[in-house]
Amino acid sequence: MAKLLETKNLVTNFYTYEGSVKALDNVSISIDHGETFGLVGESGCGKSVTVRSVMRIIQSPGVIEGGEVLYCDDAEHPEQCEDLLIKSEEAMRELRGDRISMIFQEPNAALNPVLTIGEQVAESYMFHRQRSMSRQILADVESGKISFGIFSPLLKWAYRRASENPRAPALRLMSKLPLLKLWGRPMRREAVNRSVGIIERLGISNAAELVTRYPHNLSGGMKQRIVIAIALACNPTLLIADEATSNLDVTIQAQILELLQDLKERRAISSVLLITHDLGVVAETCDRVGVMYAGILCEVADVKTLFNNPVHPYTRALLNSVPRFCVEGELATIEGSVPNLVHPPAGCRFHPRCKAASDICKQEKPKLVDLGNGHSVACHHIDEKIGE
Amino acid sequence: MTAYIIRRLLFLIFVLFGVSVLIFGLLMTFSPERRAAVYVTTPQQAKDIPKLVKQYGLNDPVPIQYARWVKEVASGNLGWSLVAARPVAKAFWSYFPTTLELNLLASPLVIIVGIWLGTLAGVHRDTWIDHGTRIGAIVGWSLPTFLFALVLLMIFYGYYGLFPPGIISSDTSLWVINNPDKFTRYTGMYTIDGILNGHLWVTWDALNHLVLPVLTQVIVVVALLMRVMRSGMLEELSRDYVITAKAKGADAHTINIKHARKNALIPVITVAGQLVALSMEGSIAVEVVFSRQGMGWWLAHSATQLDMPVLMSVCMFIGVVFVLSNLIIDIMYAYIDPRIQLQ
Amino acid sequence: MEATLPTKKEHPRWRELKFTLYRIFRNPSAILGFSLLLFFLGVAVAAPHLAPPKFEHAPYQMPHKGYSPTPKPPSAANIFGTSSGQYDIYYGIVWGARTAFKIGLFVVGFAGIIGISLGVIAGYFGGWFDELLMRFVDIVWSIPLLVLAMTIVVAFGRGLENIMLALALVEWRWYVRVIRSEVIKLRGQEFVEAAKLMGVSDIKIIFRHILPNSIYPVLIMASMDMGSMVISASFMSFVGLGAPKGYADWGQMVALARNYIVGPPDDPLKFWYTIFFPGISIILFVLAWNLIGDALRDAFDPKLRRR
């Protein structure tokens with residue numbers, strides 16, 4: 001399979017009063033076209049920071065310090081990759097929400113409370129689909145489907161310009177002038193129409209009425225669907241789901257995961273990057289899994305290998321701490337607590353909590369070693385662990 | 001909504017009753033003889049004070065006096081104003097337009113400038129724009145209105161001979177008085193009357209006298225609005241929906257204006273009542289320093305003459321204006337924040 | 001566990017205080033504010049040495065030589081010049097600093113104590129007392145500070161003491177509202193509920209849990225109020241409700257300058273010193289408190305912290 005996204009040695013720090021928080025330390029993951037990749041780890045381990053660094057939407061005081069984020073949109077031409085970290089902000093804006101989009105953890109906070117649902121979903125189209133919407137309006141006017149009366153010539157001219165270049169200076173000027181700025185209205189209406197369409201496709205029946213409402217009128221599950229609709233509006237190549245289901249009821253959680261699966265099967269999206277701390281969700285939906293701990297990537301493997309033959313001590317401990325129906329006795333926990341990332345432990349960041357830690361773990365950072373079949377592990381004691 | 005407004009109007013009656021009791025209580029701290037002095041207009045009458053006390057029942061129990069006073073007020077008799085040498089009710093209509101004119105010009109400026117600068121500072125956090133506006137806000141907040149007005153008067157009028165104090169120049173005022181057929185005082189505000197009568201030079205003259213008062217009023221009131229707007233923007237820009245918008249591909253302008261500013265306006269509305277109060281206080285100082293015969297000027301001069309009837313009426317009036325403006329603010333609140341339902 | 005912060009062993013409140021102080025003193029405006037305040041404090045404390053009073057029993061009475069209404073420019077005898085009525089401006093500035101502190105401390109202290117105690121009781125216990133108090137506050141609230149204070153001064157009679165009293169009698173409403181809403185927020189929180197369930201007395205809960213957690217907004221407000229109360233008092237002095245002519249009060253000194261802000265046509269700014277010295281004193285004094293208040297707000301604001 002061809003590569004879609006690859007991060008190489010991503011480093012992100014947050015500069016706070018206590019000192020710089022080393023949130024990401026050389027994180028390298030890669031996702032193929034058509035793949036569902038799971039990123040797991042406890043809260044605060046850097047999963048969200050990783051994907052936000054990929055999209056370059058890290059909030060101040062966070063700074064991406066180094067590394068590469070290679071993005072290869074075209075599966076046929078894997079050599080045409082671009083480094084997202086060196087792209088201009090404007091080019092990134094065109095990519096965000098169009099090629100790569102993101103679903104957020106907290107649907108209550110992710111939606112703007114004072115804008116209607118319709119406005120918020122329509123924004124995706126207004127940012128990325130002005131050309132195609134203009135063409136459609138133009139076609140509708142010419143075929144007589146809609147009419148603007150005496151304003152037809154002016155609007156036809158405007159939409160012809162917009163279908164060539166929506167950011168043309170003349171149009172921008174028009175948008176600032178009173179009355180003339182109404183030229184954009186049909187386009188906004190079209191964007192809302194398309195929003196109704198995408199919301200309906202997510203299995204919501206009363207979409208036309210829904211778009212006039214505000215987020216506080218909606219239930220949590222409904223809000224999460226809206227957040228998904230925003231992300232899916234432009235058929236992105238890569239969908240990042242940042243704990244998309246963590247705060248929802250189990251039944252709604254299942255519905256949403258099914259929905260994602262279904263969208264992938266229908267080719268509405270190509271790849272999914274699923275961030276979660278729920279290993280059950282990973283086992284059910286992902287093709288490959290990466291395990292993170294305290295800002296480092298510990299282990300990457302396909303989902304079967306990871307659950308059957310985990311190598312990294314942290315992965316093993318994590319899997320052991322999942323409650324199981326058929327096993328009796330006390331639940332295994334990981335001793336100690338997550339380290340403070342202002343002063344991360346020297347060497348392997350997991351060593352203070354690792355039962356197998358030796359002297360070398362305290363001094364040297366382990367490198368990610370490829371064990372074949374796409375299984376890589378960052379641990380000094382790989383040899384002893386394999387086949388245990 | 002209607003039920004809400006009716007409830008608020010009932011609240012207004014309650015507040016007015018409370019204010020009247022409060023102010024009447026203050027008036028009762030005066031001895032009957034001192035209160036009788038209000039009715040004295042000539043020195044010869046001074047020896048009649050005991051008679052006046054009896055005549056007006058100033059020694060009666062307080063509730064009876066209060067009831068009598070309310071009856072008087074209800075029939076439109078608010079007493080006599082020493083400063084205006086006219087009945088209070090009549091004087092009110094000659095002073096009120098002047099104050100209204102000042103605030104009609106200053107308030108839109110305060111709102112526009114305050115929201116604009118506050119947004120700018122919040123968006124450009126920790127840059128020189130932010131520091132500049134913050135320092136400006138603190139200094140503006142620290143300027144006593146009357147002092148700032150005096151300094152402006154000293155520089156512009158004293159040194160450059162521009163923007164004279166008063167409401168209008170004496171020539172214009174004389175012309176207006178002598179030509180009642182050509183100039184009708186529809187509103188009592190020279191700027192608007194000038195336009196309505198087609199004499200734009202009157203408007204121009206009045207505006208000339210309004211430059212410094214409006215400037216003072218804006219500088220002093222805008223600081224609060226700016227500060228609230230800035231901290232509102234800072235808070236909103238750190239919210240999750242901003243990241244959602246960013247992930248959608250929104251540009252900085254859309255994020256700042258469409259997303260964050262609309263939310264940041266909500267805390268601004270909660271201080272709107274404070275802004276109204278601040279404008280009222282500002283008007284007092286501005287009118288005193290620039291010798292504009294408005295409500296503030298009247299209030300301050302009545303206070304120095306210990307003219308209690310005027311103070312009582314003005315307090316009642318301001319109570320009405322304040323409660324009504326709070327009602328409008330609440331309605332605006334519900335309009336801006338869809339989560340609020342008035343009931 | 002060597003991977004923890006070295007400061008973790010300290011008491012959390014102490015650590016928090018240290019952080020707050022760090023935040024305050026990292027802020028240049030706080031440093032400027034405190035320096036200005038220290039300067040005025042020094043002037044006020046050292047007033048008898050900086051400007052020895054002529055009459056020991058009335059140190060606030062500004063000395064004047066002659067009665068000429070025309071101000072005289074700064075000279076060796078009167079380094080800031082003299083105002084209308086030949087009052088020594090320098091003397092007035094020095095003793096005026098004491099007046100300003102007196103006004104601010106009295107008004108804020110009085111309003112703060114009334115407001116905090118009523119607000120805590122109303123917010124913590126609720127019930128009919130809360131209802132009654134808040135309706136009363138609603139009534140007082142509908143009249144702006146200056147208007148109501150002026151009315152009270154008229155009722156009580158002119159004078160600086162009555163101005164201070166009037167301002168305090170109006171300003172407490174702010175403290176009630178702010179502290180009450182803080183207390184109501186805290187009252188519903190788990191740690192207060194837990195303390196109640198454990199049988200801790202109400203008095204103890206108020207002093208141990210409620211007050212320490214709700215006092216910050218009050219501190220910020222008090223700091224800003226020190227300045228704005230001096231402004232309001234000086235305005236009332238300016239219009240003639242305050243101290244008699246010749247009393248060392250900055251607002252009253254501005255009033256003395258009022259007729260001289262515009263000099264003769266050939267030299268319009270001739271009498272600049274009559275308004276400049278008292279004016280700048282008021283502005284800097286108020287600025288000092290506002291800078292401190294602003295720094296406190298930045299330091300205490302949980303949303304802006306940790307940056």
# chains A, B, ... in the order shown; residues from 1 in each chain; ligands from 1
$ residues_around --residues "Asp294 (chain C)" --least-positions-apart "3" --cutoff "12 Å" --atoms "only C-alpha atoms" --output "PDB file with C-alpha atoms, in the first residue's frame"
ATOM      1  CA  ARG B 134      -3.580  48.228  27.606  1.00  0.00           C
ATOM      2  CA  ILE B 135      -1.479  51.124  28.793  1.00  0.00           C
ATOM      3  CA  ALA B 137      -6.813  51.801  28.891  1.00  0.00           C
ATOM      4  CA  ILE B 138      -5.170  51.993  32.304  1.00  0.00           C
ATOM      5  CA  VAL B 139      -4.157  55.601  31.846  1.00  0.00           C
ATOM      6  CA  TRP B 141      -9.170  54.743  33.464  1.00  0.00           C
ATOM      7  CA  SER B 142      -6.934  56.748  35.798  1.00  0.00           C
ATOM      8  CA  ARG B 227     -10.524  45.986  28.756  1.00  0.00           C
ATOM      9  CA  SER B 231     -10.041  39.707  28.038  1.00  0.00           C
TER      10      SER B 231
ATOM     11  CA  ARG C  23       3.498  36.681  38.269  1.00  0.00           C
ATOM     12  CA  ILE C  24       2.912  40.040  39.916  1.00  0.00           C
ATOM     13  CA  ASN C  27       4.735  42.396  35.324  1.00  0.00           C
ATOM     14  CA  PRO C  28       6.420  45.765  34.684  1.00  0.00           C
ATOM     15  CA  SER C  29       3.186  47.626  35.363  1.00  0.00           C
ATOM     16  CA  ALA C  30       3.137  46.213  38.894  1.00  0.00           C
ATOM     17  CA  ILE C  31       6.665  47.413  39.529  1.00  0.00           C
ATOM     18  CA  LEU C  32       5.787  50.881  38.258  1.00  0.00           C
ATOM     19  CA  GLY C  33       2.597  50.871  40.317  1.00  0.00           C
ATOM     20  CA  PHE C  34       4.314  49.839  43.533  1.00  0.00           C
ATOM     21  CA  PRO C 217     -11.725  39.475  43.166  1.00  0.00           C
ATOM     22  CA  LEU C 219      -8.666  42.522  46.462  1.00  0.00           C
ATOM     23  CA  ILE C 220      -8.483  43.478  42.809  1.00  0.00           C
ATOM     24  CA  MET C 221     -11.564  45.621  43.121  1.00  0.00           C
ATOM     25  CA  ALA C 222     -10.306  47.264  46.311  1.00  0.00           C
ATOM     26  CA  SER C 223      -7.081  48.236  44.618  1.00  0.00           C
ATOM     27  CA  MET C 224      -8.881  49.808  41.672  1.00  0.00           C
ATOM     28  CA  ASP C 225     -11.346  51.444  44.059  1.00  0.00           C
ATOM     29  CA  LEU C 287      -2.558  55.292  38.177  1.00  0.00           C
ATOM     30  CA  ALA C 288      -0.486  53.617  40.872  1.00  0.00           C
ATOM     31  CA  TRP C 289      -3.512  51.798  42.294  1.00  0.00           C
ATOM     32  CA  ASN C 290      -4.861  50.901  38.876  1.00  0.00           C
ATOM     33  CA  LEU C 291      -1.532  49.465  37.766  1.00  0.00           C
ATOM     34  CA  ARG C 297      -6.029  40.713  38.003  1.00  0.00           C
ATOM     35  CA  ASP C 298      -3.533  39.214  35.602  1.00  0.00           C
ATOM     36  CA  ALA C 299      -1.910  37.251  38.387  1.00  0.00           C
ATOM     37  CA  PHE C 300      -5.134  35.892  39.875  1.00  0.00           C
ATOM     38  CA  ASP C 301      -7.058  35.218  36.699  1.00  0.00           C
TER      39      ASP C 301
END
$ closest_atom_pairs --of "chain C" --to "chain B" --cutoff "9 Å" --atoms "only C-alpha atoms" --output "Markdown table"
| residue | atom | partner | partner_atom | distance |
| --- | --- | --- | --- | --- |
| C:Ser29 | CA | B:Ile135 | CA | 8.8 |
| C:Arg135 | CA | B:Val15 | CA | 8.7 |
| C:Phe136 | CA | B:Gly18 | CA | 7.8 |
| C:Asp138 | CA | B:Val15 | CA | 7.2 |
| C:Ile139 | CA | B:Val15 | CA | 5.1 |
| C:Val140 | CA | B:Val19 | CA | 7.1 |
| C:Trp141 | CA | B:Gly319 | CA | 8.7 |
| C:Ser142 | CA | B:Gly319 | CA | 5.0 |
| C:Ile143 | CA | B:Gly319 | CA | 5.6 |
| C:Pro144 | CA | B:Ala277 | CA | 5.3 |
| C:Leu145 | CA | B:Glu281 | CA | 7.7 |
| C:Leu146 | CA | B:Glu281 | CA | 6.1 |
| C:Val147 | CA | B:Cys315 | CA | 7.2 |
| C:Leu148 | CA | B:Cys315 | CA | 7.4 |
| C:Met150 | CA | B:Ala303 | CA | 6.7 |
| C:Thr151 | CA | B:Leu311 | CA | 6.3 |
| C:Ile152 | CA | B:Leu26 | CA | 6.9 |
| C:Val153 | CA | B:Ala303 | CA | 8.3 |
| C:Val154 | CA | B:Leu306 | CA | 5.5 |
| C:Ala155 | CA | B:Leu26 | CA | 5.8 |
| C:Phe156 | CA | B:Thr29 | CA | 7.5 |
| C:Gly157 | CA | B:Leu306 | CA | 8.3 |
| C:Arg158 | CA | B:Thr304 | CA | 8.5 |
| C:Gly227 | CA | B:Ser142 | CA | 7.3 |
| C:Ser228 | CA | B:Ser142 | CA | 7.5 |
| C:Ile231 | CA | B:Pro144 | CA | 5.6 |
| C:Ser232 | CA | B:Pro144 | CA | 8.0 |
| C:Ser234 | CA | B:Pro144 | CA | 8.5 |
| C:Phe235 | CA | B:Phe146 | CA | 6.9 |
| C:Met236 | CA | B:Ala300 | CA | 8.7 |
| C:Phe238 | CA | B:Phe146 | CA | 8.5 |
| C:Val239 | CA | B:Ala300 | CA | 6.9 |
| C:Gly240 | CA | B:Thr304 | CA | 6.3 |
| C:Leu241 | CA | B:Thr304 | CA | 6.0 |
| C:Val254 | CA | B:Leu147 | CA | 7.8 |
| C:Arg258 | CA | B:Leu150 | CA | 7.7 |
| C:Ile261 | CA | B:Met154 | CA | 5.5 |
| C:Val262 | CA | B:Gly158 | CA | 4.9 |
| C:Gly263 | CA | B:Gly158 | CA | 7.4 |
| C:Pro265 | CA | B:Gly158 | CA | 8.5 |
| C:Asp267 | CA | B:Tyr159 | CA | 8.3 |
| C:Pro268 | CA | B:Tyr159 | CA | 5.5 |
| C:Leu269 | CA | B:Tyr159 | CA | 6.7 |
| C:Trp272 | CA | B:Met154 | CA | 8.7 |
| C:Ile275 | CA | B:Val151 | CA | 8.3 |
| C:Phe276 | CA | B:Val151 | CA | 8.9 |
| C:Gly279 | CA | B:Leu147 | CA | 6.6 |
| C:Ile282 | CA | B:Pro144 | CA | 7.9 |
| C:Ile283 | CA | B:Leu143 | CA | 5.8 |
| C:Leu284 | CA | B:Ser142 | CA | 8.0 |
| C:Phe285 | CA | B:Ser142 | CA | 8.6 |
| C:Val286 | CA | B:Ser142 | CA | 5.4 |
| C:Leu287 | CA | B:Ser142 | CA | 5.2 |
| C:Ala288 | CA | B:Ser142 | CA | 8.8 |
| C:Trp289 | CA | B:Ser142 | CA | 8.9 |
| C:Asn290 | CA | B:Ile138 | CA | 6.7 |
| C:Leu291 | CA | B:Ile138 | CA | 7.0 |
| C:Asp294 | CA | B:Ile138 | CA | 8.1 |
| C:Lys303 | CA | B:Glu235 | CA | 7.1 |
| C:Leu304 | CA | B:Glu235 | CA | 8.0 |
$ write_last_selection --atoms "C-alpha atoms" --output "mmCIF file, in the first residue's frame"
data_model
loop_
_atom_site.group_PDB
_atom_site.id
_atom_site.type_symbol
_atom_site.label_atom_id
_atom_site.label_comp_id
_atom_site.auth_asym_id
_atom_site.auth_seq_id
_atom_site.Cartn_x
_atom_site.Cartn_y
_atom_site.Cartn_z
ATOM 1 C CA SER C 29 3.186 47.626 35.363
ATOM 2 C CA ARG C 135 -33.613 43.863 46.643
ATOM 3 C CA PHE C 136 -32.164 46.758 48.599
ATOM 4 C CA ASP C 138 -31.160 46.574 43.384
ATOM 5 C CA ILE C 139 -32.634 49.876 44.487
ATOM 6 C CA VAL C 140 -29.331 51.492 45.369
ATOM 7 C CA TRP C 141 -27.854 50.081 42.178
ATOM 8 C CA SER C 142 -30.189 52.053 39.959
ATOM 9 C CA ILE C 143 -28.462 55.345 40.751
ATOM 10 C CA PRO C 144 -24.870 55.944 39.659
ATOM 11 C CA LEU C 145 -22.290 56.336 42.402
ATOM 12 C CA LEU C 146 -21.593 60.002 41.888
ATOM 13 C CA VAL C 147 -25.245 61.050 41.768
ATOM 14 C CA LEU C 148 -26.198 59.178 44.904
ATOM 15 C CA MET C 150 -23.698 63.887 45.902
ATOM 16 C CA THR C 151 -27.252 63.592 47.158
ATOM 17 C CA ILE C 152 -26.051 62.076 50.412
ATOM 18 C CA VAL C 153 -23.463 64.822 50.830
ATOM 19 C CA VAL C 154 -26.166 67.415 50.362
ATOM 20 C CA ALA C 155 -28.270 65.686 53.001
ATOM 21 C CA PHE C 156 -25.421 65.344 55.505
ATOM 22 C CA GLY C 157 -23.827 68.696 54.740
ATOM 23 C CA ARG C 158 -20.708 69.768 52.898
ATOM 24 C CA GLY C 227 -8.010 55.167 42.832
ATOM 25 C CA SER C 228 -11.539 55.695 41.609
ATOM 26 C CA ILE C 231 -11.274 60.586 41.682
ATOM 27 C CA SER C 232 -14.895 60.784 42.822
ATOM 28 C CA SER C 234 -11.792 65.072 44.185
ATOM 29 C CA PHE C 235 -14.586 65.777 41.721
ATOM 30 C CA MET C 236 -16.985 66.538 44.533
ATOM 31 C CA PHE C 238 -13.937 70.383 42.698
ATOM 32 C CA VAL C 239 -17.607 71.333 42.387
ATOM 33 C CA GLY C 240 -17.483 72.728 45.911
ATOM 34 C CA LEU C 241 -19.053 70.054 48.065
ATOM 35 C CA VAL C 254 -7.864 72.009 40.944
ATOM 36 C CA ARG C 258 -10.217 76.485 37.388
ATOM 37 C CA ILE C 261 -6.593 77.557 33.053
ATOM 38 C CA VAL C 262 -6.699 80.152 30.288
ATOM 39 C CA GLY C 263 -4.216 82.964 30.818
ATOM 40 C CA PRO C 265 -4.166 86.368 25.316
ATOM 41 C CA ASP C 267 0.464 83.970 27.105
ATOM 42 C CA PRO C 268 -2.468 81.559 27.296
ATOM 43 C CA LEU C 269 -0.626 78.907 29.287
ATOM 44 C CA TRP C 272 -0.021 76.103 33.910
ATOM 45 C CA ILE C 275 -3.451 72.885 37.463
ATOM 46 C CA PHE C 276 -0.373 70.854 36.550
ATOM 47 C CA GLY C 279 -3.592 67.376 38.434
ATOM 48 C CA ILE C 282 -4.224 62.891 41.264
ATOM 49 C CA ILE C 283 -3.461 61.094 38.011
ATOM 50 C CA LEU C 284 -0.296 59.409 39.280
ATOM 51 C CA PHE C 285 -1.886 58.409 42.574
ATOM 52 C CA VAL C 286 -4.840 56.820 40.789
ATOM 53 C CA LEU C 287 -2.558 55.292 38.177
ATOM 54 C CA ALA C 288 -0.486 53.617 40.872
ATOM 55 C CA TRP C 289 -3.512 51.798 42.294
ATOM 56 C CA ASN C 290 -4.861 50.901 38.876
ATOM 57 C CA LEU C 291 -1.532 49.465 37.766
ATOM 58 C CA ASP C 294 -4.344 45.348 36.830
ATOM 59 C CA LYS C 303 -7.736 31.614 32.717
ATOM 60 C CA LEU C 304 -4.758 33.794 31.951
#
$ residues_around --residues "Ala84 (chain B)" --least-positions-apart "2" --cutoff "12 Å" --atoms "only C-alpha atoms" --output "PyMOL selection string"
chain B and resi 79-82+86-95+293-295+297-299+301-302+305+307+310
$ write_last_selection --atoms "C-alpha atoms" --output "short mmCIF file (atom, residue, chain, number, x, y, z; two decimals), in the first residue's frame"
data_model
loop_
_atom_site.label_atom_id
_atom_site.label_comp_id
_atom_site.auth_asym_id
_atom_site.auth_seq_id
_atom_site.Cartn_x
_atom_site.Cartn_y
_atom_site.Cartn_z
CA GLY B 79 -41.00 71.50 43.18
CA TRP B 80 -39.00 74.59 42.36
CA SER B 81 -35.45 74.62 41.03
CA LEU B 82 -33.26 77.36 42.48
CA ARG B 86 -38.14 77.49 37.12
CA PRO B 87 -40.30 74.59 38.22
CA VAL B 88 -38.32 71.36 38.19
CA ALA B 89 -40.51 69.69 35.56
CA LYS B 90 -40.08 72.60 33.18
CA ALA B 91 -36.37 72.92 33.80
CA PHE B 92 -35.98 69.22 33.09
CA TRP B 93 -37.11 69.61 29.49
CA SER B 94 -34.65 72.37 28.83
CA TYR B 95 -31.69 70.48 30.32
CA GLN B 293 -26.44 73.44 30.73
CA GLY B 294 -27.54 69.82 30.85
CA MET B 295 -28.73 67.39 33.49
CA TRP B 297 -24.59 70.62 35.18
CA TRP B 298 -27.98 71.13 36.78
CA LEU B 299 -27.38 68.31 39.25
CA HIS B 301 -25.08 73.16 40.69
CA SER B 302 -28.21 72.12 42.57
CA GLN B 305 -26.90 75.05 46.47
CA ASP B 307 -31.34 72.09 46.43
CA VAL B 310 -34.00 68.80 42.26
#
$ atom_distance --atom1 "CA of Val183 (chain C)" --atom2 "CA of Leu169 (chain C)"
22.2 Å
$ interface_residues --of "chain A" --to "chain C" --cutoff "7 Å" --atoms "only C-alpha atoms" --output "list in words"
Thr16, Tyr17, Pro339, Asn340, His343, Pro344, Pro345 and Pro352 of chain A
$ closest_atom_pairs --of "region 119-181 of chain A" --to "region 97-113 of chain A" --cutoff "8 Å" --atoms "only C-alpha atoms" --output "Markdown table"
| residue | atom | partner | partner_atom | distance |
| --- | --- | --- | --- | --- |
| A:Gln120 | CA | A:Asn112 | CA | 7.7 |
| A:Ser124 | CA | A:Gly97 | CA | 6.5 |
| A:His128 | CA | A:Asp98 | CA | 6.4 |
$ interface_residues --of "chain B" --to "chain A" --cutoff "12 Å" --atoms "only C-alpha atoms" --output "ChimeraX atom specification"
/B:125-126,234,236-252,254-255,258-266,333-341
$ select_by_dssp --residues "region 57-299 of chain B" --states "strand (DSSP E or B)" --output "ChimeraX atom specification"
/B:80-81,86-87
$ residues_around --residues "Ser30 (chain A)" --least-positions-apart "2" --cutoff "8 Å" --atoms "only C-alpha atoms" --output "tab-separated table (two decimals) with C-alpha atoms, in the first residue's frame"
chain	number	residue	atom	x	y	z
A	3	LYS	CA	1.97	5.88	2.05
A	4	LEU	CA	-0.41	8.73	2.83
A	5	LEU	CA	1.15	10.42	5.82
A	6	GLU	CA	4.44	10.00	7.55
A	7	THR	CA	5.85	11.92	10.48
A	28	SER	CA	7.57	8.84	13.79
A	32	ASP	CA	-1.11	4.16	4.33
$ residues_around --residues "region 122-129 of chain C" --least-positions-apart "5" --cutoff "7 Å" --atoms "only C-alpha atoms" --output "list in words"
Arg180, Ser181, Val183, Ile184 and Arg187 of chain C
